[in-house]
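File shown: input_5.csv. Contents: CSV, C-alpha atoms and all ligand atoms.
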chain,number,residue,atom,x,y,z
W,1,MET,CA,133.0,102.9,116.0
W,2,SER,CA,133.0,105.6,113.3
W,3,ASN,CA,129.7,107.3,112.4
W,4,GLU,CA,130.0,105.8,108.9
W,5,ARG,CA,130.4,102.2,110.3
W,6,ARG,CA,127.6,102.8,112.7
W,7,ALA,CA,125.3,104.0,109.9
W,8,HIS,CA,126.2,101.0,107.8
W,9,PHE,CA,125.7,98.6,110.7
W,10,LEU,CA,122.2,100.1,111.5
W,11,ALA,CA,121.2,100.2,107.8
W,12,THR,CA,122.2,96.5,107.4
W,13,ALA,CA,120.3,95.5,110.6
W,14,VAL,CA,117.2,97.4,109.5
W,15,GLY,CA,117.5,95.9,106.0
W,16,LEU,CA,117.5,92.4,107.5
W,17,LEU,CA,114.4,93.2,109.7
W,18,GLU,CA,112.7,94.6,106.6
W,19,HIS,CA,113.5,91.4,104.7
W,20,LEU,CA,112.0,89.4,107.5
W,21,ARG,CA,108.9,91.6,107.5
W,22,LEU,CA,108.6,91.1,103.8
W,23,LEU,CA,108.7,87.3,104.4
W,24,LEU,CA,106.7,87.1,107.6
W,25,GLY,CA,104.4,90.1,107.5
W,26,GLU,CA,103.6,92.6,110.2
W,27,ARG,CA,104.6,90.2,113.0
W,28,VAL,CA,108.1,91.6,112.5
W,29,CYS,CA,108.2,95.0,114.1
W,30,ILE,CA,110.9,97.6,113.3
W,31,PRO,CA,111.2,100.3,116.0
W,32,GLU,CA,110.4,103.6,114.3
W,33,ALA,CA,113.3,105.3,116.0
W,34,TYR,CA,115.6,103.0,114.1
W,35,SER,CA,114.1,103.5,110.6
W,36,GLN,CA,113.9,107.2,111.2
W,37,ASN,CA,117.2,107.9,112.7
W,38,ILE,CA,119.5,106.0,110.4
W,39,PRO,CA,120.6,107.6,107.1
W,40,SER,CA,119.3,105.7,104.0
W,41,MET,CA,121.7,103.5,102.2
W,42,GLN,CA,121.6,106.1,99.4
W,43,GLN,CA,122.6,108.8,101.8
W,44,VAL,CA,125.4,106.6,103.2
W,45,ALA,CA,126.6,105.8,99.7
W,46,VAL,CA,126.7,109.5,98.7
W,47,GLU,CA,128.4,110.6,101.9
W,48,LYS,CA,131.0,107.9,101.5
W,49,SER,CA,132.3,109.0,98.1
W,50,GLU,CA,133.7,112.4,98.3
W,51,PRO,CA,133.8,114.7,96.5
W,52,SER,CA,130.6,113.4,94.8
W,53,LEU,CA,128.4,115.5,92.5
W,54,PRO,CA,125.5,113.4,91.4
W,55,PRO,CA,125.6,112.7,87.6
W,56,GLU,CA,123.3,115.1,85.7
W,57,SER,CA,121.1,112.1,84.7
W,58,THR,CA,120.2,111.5,88.4
W,59,GLN,CA,118.5,114.9,88.5
W,60,ARG,CA,116.6,114.1,85.3
W,61,GLY,CA,116.6,110.6,83.9
W,62,ARG,CA,117.8,110.8,80.3
W,63,HIS,CA,118.4,107.2,79.4
W,64,PHE,CA,115.3,105.8,77.8
W,65,HIS,CA,115.2,106.9,74.1
W,66,PHE,CA,112.6,105.4,71.8
W,67,ASP,CA,110.7,106.7,68.7
W,68,VAL,CA,107.1,105.9,69.7
W,69,SER,CA,105.8,106.6,66.2
W,70,THR,CA,107.5,103.4,65.0
W,71,LEU,CA,104.9,101.5,67.0
W,72,VAL,CA,102.0,103.2,65.4
W,73,PRO,CA,101.1,102.3,61.8
W,74,MET,CA,101.5,105.3,59.5
W,75,SER,CA,97.8,105.2,58.6
W,76,ARG,CA,97.0,105.9,62.2
W,77,ILE,CA,99.5,108.6,62.9
W,78,PHE,CA,97.2,111.0,61.1
W,79,ASP,CA,94.2,109.6,62.9
W,80,ASP,CA,92.9,112.2,65.5
W,81,GLN,CA,93.0,109.5,68.2
W,82,ASP,CA,96.8,109.3,67.8
W,83,ASP,CA,97.6,112.9,68.6
W,84,PHE,CA,98.9,111.5,71.9
W,85,LEU,CA,102.2,111.4,70.1
W,86,ALA,CA,102.4,115.2,70.5
W,87,ALA,CA,101.8,115.2,74.2
W,88,GLN,CA,104.5,117.2,76.1
W,89,SER,CA,103.8,116.0,79.6
W,90,LEU,CA,102.2,113.1,81.4
W,91,ASP,CA,99.1,115.2,82.3
W,92,GLU,CA,98.7,116.1,78.6
W,93,LEU,CA,99.1,112.5,77.6
W,94,TYR,CA,96.5,111.5,80.1
W,95,GLN,CA,94.1,114.1,78.7
W,96,ARG,CA,94.6,112.8,75.2
W,97,ILE,CA,94.1,109.1,75.9
W,98,HIS,CA,91.9,108.6,78.9
W,99,THR,CA,88.8,108.1,76.8
W,100,CYS,CA,90.4,105.5,74.6
W,101,THR,CA,88.2,102.7,73.2
W,102,LYS,CA,90.7,101.3,70.7
W,103,CYS,CA,90.3,97.8,72.1
W,104,PRO,CA,87.2,96.2,73.6
W,105,LEU,CA,88.5,96.7,77.1
W,106,GLY,CA,87.7,100.4,76.8
W,107,THR,CA,84.0,99.8,76.9
W,108,MET,CA,84.2,97.5,79.9
W,109,ARG,CA,86.3,99.5,82.3
W,110,THR,CA,85.1,101.5,85.3
W,111,ASN,CA,88.1,103.7,85.2
W,112,PHE,CA,91.1,104.3,82.9
W,113,VAL,CA,94.2,103.5,84.9
W,114,PHE,CA,97.0,105.7,83.7
W,115,GLY,CA,99.9,105.5,86.2
W,116,THR,CA,101.1,107.2,89.3
W,117,GLY,CA,104.2,108.5,91.0
W,118,ASN,CA,107.1,110.8,90.2
W,119,PRO,CA,106.8,112.1,86.6
W,120,SER,CA,110.6,112.3,86.3
W,121,ALA,CA,111.4,109.1,88.2
W,122,ASP,CA,114.7,107.3,87.8
W,123,ILE,CA,112.8,104.0,88.3
W,124,VAL,CA,109.6,102.9,86.6
W,125,PHE,CA,107.7,99.7,87.7
W,126,ILE,CA,105.5,98.1,85.1
W,127,GLY,CA,102.9,95.5,85.8
W,128,GLU,CA,100.4,93.7,83.5
W,129,ALA,CA,97.0,95.3,83.8
W,130,PRO,CA,94.6,96.9,86.3
W,131,GLY,CA,92.7,94.5,88.6
W,132,ALA,CA,89.3,95.0,90.3
W,133,ASP,CA,90.6,97.5,92.9
W,134,GLU,CA,92.6,99.4,90.4
W,135,ASP,CA,89.6,99.6,88.0
W,136,LEU,CA,87.5,101.0,90.8
W,137,LYS,CA,90.0,103.6,92.0
W,138,GLY,CA,91.6,104.5,88.6
W,139,GLU,CA,95.1,103.9,90.2
W,140,PRO,CA,97.6,101.1,89.6
W,141,PHE,CA,98.7,98.7,92.3
W,142,VAL,CA,96.2,99.7,95.1
W,143,GLY,CA,94.8,96.2,95.9
W,144,ARG,CA,96.6,93.5,98.0
W,145,ALA,CA,99.3,93.1,95.4
W,146,GLY,CA,99.8,96.8,95.4
W,147,GLN,CA,100.1,96.9,99.1
W,148,LEU,CA,102.8,94.2,98.9
W,149,LEU,CA,104.6,96.3,96.2
W,150,THR,CA,104.6,99.3,98.6
W,151,LYS,CA,106.2,97.1,101.3
W,152,ILE,CA,108.8,95.8,98.8
W,153,LEU,CA,109.7,99.4,97.9
W,154,ALA,CA,109.9,100.3,101.6
W,155,ALA,CA,112.3,97.4,102.1
W,156,ILE,CA,114.7,99.0,99.7
W,157,LYS,CA,114.2,102.5,101.1
W,158,LEU,CA,111.9,103.7,98.3
W,159,GLU,CA,108.5,105.4,98.6
W,160,ARG,CA,105.8,105.0,95.9
W,161,SER,CA,106.3,108.8,95.3
W,162,ASP,CA,110.0,108.2,94.5
W,163,VAL,CA,109.2,106.0,91.5
W,164,TYR,CA,106.6,105.7,88.8
W,165,ILE,CA,104.1,102.8,88.6
W,166,CYS,CA,102.0,101.8,85.7
W,167,ASN,CA,100.9,98.8,83.6
W,168,ILE,CA,101.1,97.5,80.1
W,169,LEU,CA,97.4,97.9,79.7
W,170,LYS,CA,95.4,100.9,80.9
W,171,CYS,CA,92.0,99.1,81.2
W,172,ARG,CA,91.1,96.0,83.2
W,173,PRO,CA,90.6,92.7,81.3
W,174,PRO,CA,87.5,90.9,82.5
W,175,ASN,CA,88.0,88.5,85.4
W,176,ASN,CA,91.7,89.6,85.4
W,177,ARG,CA,92.5,87.3,82.5
W,178,THR,CA,95.8,87.6,80.8
W,179,PRO,CA,95.8,90.4,78.2
W,180,GLU,CA,95.3,89.4,74.6
W,181,PRO,CA,98.2,90.1,72.2
W,182,SER,CA,95.9,92.4,70.2
W,183,GLU,CA,95.1,94.5,73.3
W,184,ILE,CA,98.8,94.8,74.2
W,185,GLU,CA,99.6,95.9,70.6
W,186,GLN,CA,96.9,98.6,70.8
W,187,CYS,CA,97.9,99.9,74.2
W,188,LYS,CA,101.7,99.6,74.0
W,189,PRO,CA,102.3,102.9,72.2
W,190,TYR,CA,100.7,104.7,75.2
W,191,LEU,CA,103.1,103.0,77.6
W,192,TYR,CA,106.1,103.9,75.4
W,193,LYS,CA,105.0,107.5,75.1
W,194,GLN,CA,104.7,107.6,78.9
W,195,LEU,CA,108.2,106.2,79.2
W,196,SER,CA,109.6,108.6,76.7
W,197,LEU,CA,108.2,111.5,78.7
W,198,ILE,CA,109.6,110.1,82.0
W,199,GLU,CA,112.9,109.0,80.5
W,200,PRO,CA,113.7,106.6,83.3
W,201,THR,CA,117.1,105.1,83.9
W,202,PHE,CA,115.8,101.8,85.4
W,203,VAL,CA,112.7,99.9,84.4
W,204,VAL,CA,111.4,97.0,86.4
W,205,ALA,CA,109.1,94.5,84.7
W,206,LEU,CA,106.7,92.9,87.2
W,207,GLY,CA,105.8,89.5,85.8
W,208,LEU,CA,106.3,87.7,82.6
W,209,THR,CA,103.6,89.5,80.6
W,210,ALA,CA,105.3,92.9,81.2
W,211,ALA,CA,108.8,91.4,80.6
W,212,GLU,CA,107.8,89.7,77.3
W,213,THR,CA,106.0,92.8,76.1
W,214,LEU,CA,109.0,95.0,76.8
W,215,LEU,CA,111.7,92.7,75.5
W,216,GLY,CA,109.5,91.6,72.5
W,217,ARG,CA,110.0,87.9,72.9
W,218,LYS,CA,109.0,84.8,74.8
W,219,LEU,CA,110.9,84.3,78.0
W,220,LYS,CA,111.3,81.9,80.9
W,221,MET,CA,111.1,83.6,84.3
W,222,SER,CA,113.6,81.3,85.8
W,223,HIS,CA,116.2,82.3,83.1
W,224,VAL,CA,115.7,86.1,83.2
W,225,ARG,CA,114.6,87.2,86.7
W,226,GLY,CA,117.2,89.3,88.5
W,227,LYS,CA,119.1,89.9,85.2
W,228,TRP,CA,119.8,93.2,83.5
W,229,PHE,CA,118.7,94.0,79.9
W,230,ASP,CA,119.3,97.1,77.8
W,231,PHE,CA,116.0,98.8,77.2
W,232,TYR,CA,116.5,101.6,74.7
W,233,GLY,CA,119.3,103.0,76.8
W,234,ALA,CA,117.7,102.3,80.2
W,235,ARG,CA,118.3,99.2,82.2
W,236,LEU,CA,115.5,96.7,82.6
W,237,LEU,CA,115.2,94.2,85.5
W,238,ILE,CA,112.7,91.4,85.6
W,239,THR,CA,111.1,90.1,88.7
W,240,TYR,CA,107.9,88.4,89.8
W,241,HIS,CA,104.6,90.3,89.9
W,242,PRO,CA,103.5,90.9,93.5
W,243,ALA,CA,100.2,89.0,92.8
W,244,ALA,CA,102.4,85.9,92.1
W,245,LEU,CA,104.0,86.3,95.6
W,246,LEU,CA,100.5,86.3,97.2
W,247,ARG,CA,99.7,83.1,95.4
W,248,ASN,CA,103.1,81.5,96.1
W,249,PRO,CA,105.0,83.1,99.1
W,250,GLU,CA,108.1,80.9,98.3
W,251,LEU,CA,108.8,83.4,95.5
W,252,LYS,CA,109.4,86.2,98.0
W,253,ARG,CA,113.0,85.1,98.6
W,254,ASP,CA,113.9,85.5,94.8
W,255,THR,CA,112.0,88.7,94.7
W,256,TRP,CA,114.0,90.0,97.7
W,257,GLU,CA,117.2,89.2,95.9
W,258,ASP,CA,116.0,91.0,92.7
W,259,VAL,CA,115.0,94.2,94.5
W,260,GLN,CA,118.3,94.2,96.5
W,261,GLU,CA,120.1,94.0,93.1
W,262,LEU,CA,117.9,97.0,91.9
W,263,ARG,CA,118.9,98.9,95.1
W,264,ARG,CA,122.6,98.0,94.6
W,265,ALA,CA,122.6,99.1,90.9
W,266,TYR,CA,120.7,102.3,91.7
W,267,ASP,CA,123.1,103.2,94.5
W,268,GLU,CA,126.0,102.6,92.1
W,269,PHE,CA,124.4,104.7,89.5
W,270,LEU,CA,123.9,107.6,92.0
W,271,ARG,CA,127.5,107.2,93.1
W,272,SER,CA,129.2,106.9,89.8
W,273,GLY,CA,126.7,107.3,87.0
W,274,ASN,CA,127.5,103.7,85.8
W,275,LEU,CA,124.8,101.3,84.8
W,276,PRO,CA,124.9,97.5,85.2
W,277,GLU,CA,126.2,95.5,82.3
W,278,PRO,CA,123.2,94.1,80.3
W,279,ILE,CA,123.1,90.4,79.2
W,280,GLY,CA,120.7,91.2,76.3
W,281,ASN,CA,118.4,93.8,74.9
W,282,ALA,CA,114.9,94.6,73.7
W,283,GLU,CA,113.9,93.4,70.2
Z,301,LIG,S1,93.4,98.8,77.1
Z,301,LIG,FE1,94.5,100.5,76.1
Z,301,LIG,S2,94.0,100.3,74.0
Z,301,LIG,FE2,92.5,99.2,75.1
Z,301,LIG,S3,90.8,100.7,75.4
Z,301,LIG,FE3,92.1,100.7,77.2
Z,301,LIG,S4,93.6,102.4,76.8
Z,301,LIG,FE4,92.7,101.8,74.9
Once you've parsed the file, please lay out its structure as structure tokens.
Ligand code: SF4
Amino acid sequence: MSNERRAHFLATAVGLLEHLRLLLGERVCIPEAYSQNIPSMQQVAVEKSEPSLPPESTQRGRHFHFDVSTLVPMSRIFDDQDDFLAAQSLDELYQRIHTCTKCPLGTMRTNFVFGTGNPSADIVFIGEAPGADEDLKGEPFVGRAGQLLTKILAAIKLERSDVYICNILKCRPPNNRTPEPSEIEQCKPYLYKQLSLIEPTFVVALGLTAAETLLGRKLKMSHVRGKWFDFYGARLLITYHPAALLRNPELKRDTWEDVQELRRAYDEFLRSGNLPEPIGNAE
């Protein structure tokens, strides 16, 4: 058996085990020697296509293009609080907005939850809003749902540090209620500024609130999950929020299909620079 076939065989076997672990939890054990010794699917894909120089955009995502100032009323652009538009980096953006009290949630939070991960990630995951654990720690997706997200990422050979993770809202709504439209409208410019600094190639909306906010319309999860949308030059994929998987484990199978599609599209992008064909776009 050639090395390439062996690598594919092992990668497929470990992928199946990881799928089972996602469905059944830690009862499924993957020998460390396996997961450490096989090349990642990404490595295999890159080794396969020779000669293969990665497209320039894989070194620095340059797909998301959006004029954030269009989200901020003109009267507010000249407001001191809106100087976040001038931020040149994520750190600078954080410094400019972490004391925000534009909506009532700003006075209720323990911590402002900005986002975490690779500041030039190709893939950004966006959830709804911080929960209790996130509010306490000031970091997104650190509670049970966050731990599940970490496992989902590992199942497609991604570390949290490979991607960027954030939410539509930066402050926790009381009792984890669904964000109010007015809160989303106030906070959305921060998210888009964040995205315009990261310039991701792929965006994953976790849950319907994130998906509807990003696409700008009402959606039905069963119609849109696992499908690709154009998102200002990037590609947007919609799947379930990990908290929904904790409430309803039956959704794990669909989610597994969705993240496999993400992995497939990302590998294809790394190999050829091509993006998946979208079925719609943001409004
Ligand atoms: S949720 Fe957003 S808009 Fe509201 S106070 Fe927090 S940072 Fe500001």
To one decimal in Å, tell me the separation between atom CA of W:Phe84 and atom CA of W:Phe202. 23.7 Å
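For the pair atom CA of W:Asp122 and atom CA of W:Thr201, the separation is 5.1 Å.
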Find the residues of chain W that sit at most 12 Å from ligand LIG 301 (chain Z); for each, write down the nearest two atoms and how far apart they are in Å, to one decimal. Count only C-alpha atoms and all ligand atoms. Sort by chain, then by number going up, and give it as CSV.
residue,atom,partner,partner_atom,distance
W:Gln81,CA,Z:LIG301,FE4,10.2
W:Asp82,CA,Z:LIG301,FE4,11.1
W:Phe84,CA,Z:LIG301,S4,11.6
W:Leu93,CA,Z:LIG301,S4,11.5
W:Tyr94,CA,Z:LIG301,S4,10.1
W:Gln95,CA,Z:LIG301,S4,11.9
W:Arg96,CA,Z:LIG301,S4,10.6
W:Ile97,CA,Z:LIG301,S4,6.8
W:His98,CA,Z:LIG301,S4,6.8
W:Thr99,CA,Z:LIG301,S4,7.5
W:Cys100,CA,Z:LIG301,FE4,4.4
W:Thr101,CA,Z:LIG301,S3,3.9
W:Lys102,CA,Z:LIG301,FE4,4.7
W:Cys103,CA,Z:LIG301,FE2,4.0
W:Pro104,CA,Z:LIG301,S3,6.0
W:Leu105,CA,Z:LIG301,S3,4.9
W:Gly106,CA,Z:LIG301,S3,3.4
W:Thr107,CA,Z:LIG301,S3,7.0
W:Met108,CA,Z:LIG301,S3,8.6
W:Arg109,CA,Z:LIG301,FE3,7.8
W:Thr110,CA,Z:LIG301,FE3,10.7
W:Asn111,CA,Z:LIG301,FE3,9.4
W:Phe112,CA,Z:LIG301,FE3,6.8
W:Val113,CA,Z:LIG301,S4,8.2
W:Phe114,CA,Z:LIG301,S4,8.4
W:Gly115,CA,Z:LIG301,S4,11.7
W:Glu128,CA,Z:LIG301,S1,10.8
W:Ala129,CA,Z:LIG301,S1,8.4
W:Pro130,CA,Z:LIG301,S1,9.5
W:Asp135,CA,Z:LIG301,FE3,11.1
W:Asn167,CA,Z:LIG301,S1,9.9
W:Ile168,CA,Z:LIG301,FE1,8.3
W:Leu169,CA,Z:LIG301,S1,4.9
W:Lys170,CA,Z:LIG301,S4,4.7
W:Cys171,CA,Z:LIG301,FE3,4.3
W:Arg172,CA,Z:LIG301,S1,7.1
W:Pro173,CA,Z:LIG301,S1,7.9
W:Pro174,CA,Z:LIG301,S1,11.2
W:Pro179,CA,Z:LIG301,S1,8.8
W:Glu180,CA,Z:LIG301,S1,9.9
W:Pro181,CA,Z:LIG301,S1,11.1
W:Ser182,CA,Z:LIG301,S2,9.0
W:Glu183,CA,Z:LIG301,FE2,5.7
W:Ile184,CA,Z:LIG301,S2,7.3
W:Glu185,CA,Z:LIG301,S2,7.9
W:Gln186,CA,Z:LIG301,S2,4.6
W:Cys187,CA,Z:LIG301,S2,3.9
W:Lys188,CA,Z:LIG301,FE1,7.6
W:Pro189,CA,Z:LIG301,S2,8.9
W:Tyr190,CA,Z:LIG301,FE1,7.5
W:Leu191,CA,Z:LIG301,FE1,9.1
Would you list the contacts of W:Ile152 as a ChimeraX atom specification, taking every protein, DNA or RNA residue within 8 Å and counting only C-alpha atoms, but skipping same-chain residues closer than 3 positions in sequence? /W:22,148-149,155-156,256,259
Around the point (114.6, 101.3, 84.4), in the coordinates given by the file, pick out the residues reaching within 9 Å, counting all atoms listed in the file, and return them as a PyMOL selection string. chain W and resi 63-64+122-125+199-205+231+234-237
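The closest residue to W:Asn118, picked from W:Lys137, W:Arg217, W:Arg160, W:Arg144 and counting all atoms listed in the file, is W:Arg160.
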Residue contacts of W:Thr255 (9 Å, all atoms listed in the file) excluding same-chain residues fewer than 5 positions away, as a PyMOL selection string: chain W and resi 152+225-226+239-242+245+260
Excluding W:Ala210 and its own-chain neighbours fewer than 2 positions away, which residues fall within 7 Å of it when counting all atoms listed in the file? Please give them as a list of chain:residue names. W:Ile126, W:Gly127, W:Glu128, W:Ile168, W:Ala205, W:Leu206, W:Gly207, W:Leu208, W:Glu212, W:Thr213, W:Leu214
Please write the residues from the selection above to a file, keeping C-alpha atoms, as a compact mmCIF listing (two decimals), keeping the file's coordinate frame.
# COMPACT_ATOMS: atom_id res chain seq x y z
CA ILE W 126 105.50 98.10 85.10
CA GLY W 127 102.90 95.50 85.80
CA GLU W 128 100.40 93.70 83.50
CA ILE W 168 101.10 97.50 80.10
CA ALA W 205 109.10 94.50 84.70
CA LEU W 206 106.70 92.90 87.20
CA GLY W 207 105.80 89.50 85.80
CA LEU W 208 106.30 87.70 82.60
CA GLU W 212 107.80 89.70 77.30
CA THR W 213 106.00 92.80 76.10
CA LEU W 214 109.00 95.00 76.80
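Nearest to W:Arg247 of all the residues W:Gly233, W:Ala145, W:Ala282, W:Ser272 is W:Ala145, based on all atoms listed in the file.
With all atoms listed in the file as the atoms that count, the residue of W:Gly273, W:Tyr164, W:Val72, W:Asp267 with the shortest distance to W:Leu197 is W:Tyr164.
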Hey, what's within 12 Å of W:Gly117 if we count all atoms listed in the file and toss same-chain stuff fewer than 6 positions away? As a ChimeraX atom specification, please? /W:90,123-125,139-141,150,158-166,198
Between W:Leu195, W:Asn248, W:Arg177, W:Lys218, which has the minimum distance to W:Ala132 (counting all atoms listed in the file)? W:Arg177
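Note that the spacing between atom CA of W:Met221 and atom CA of W:Leu246 amounts to 16.9 Å.
Among the candidates W:Gln194, W:Ala243, W:Ser89, W:Arg62, the one nearest to W:Gly143 when counting all atoms listed in the file is W:Ala243.
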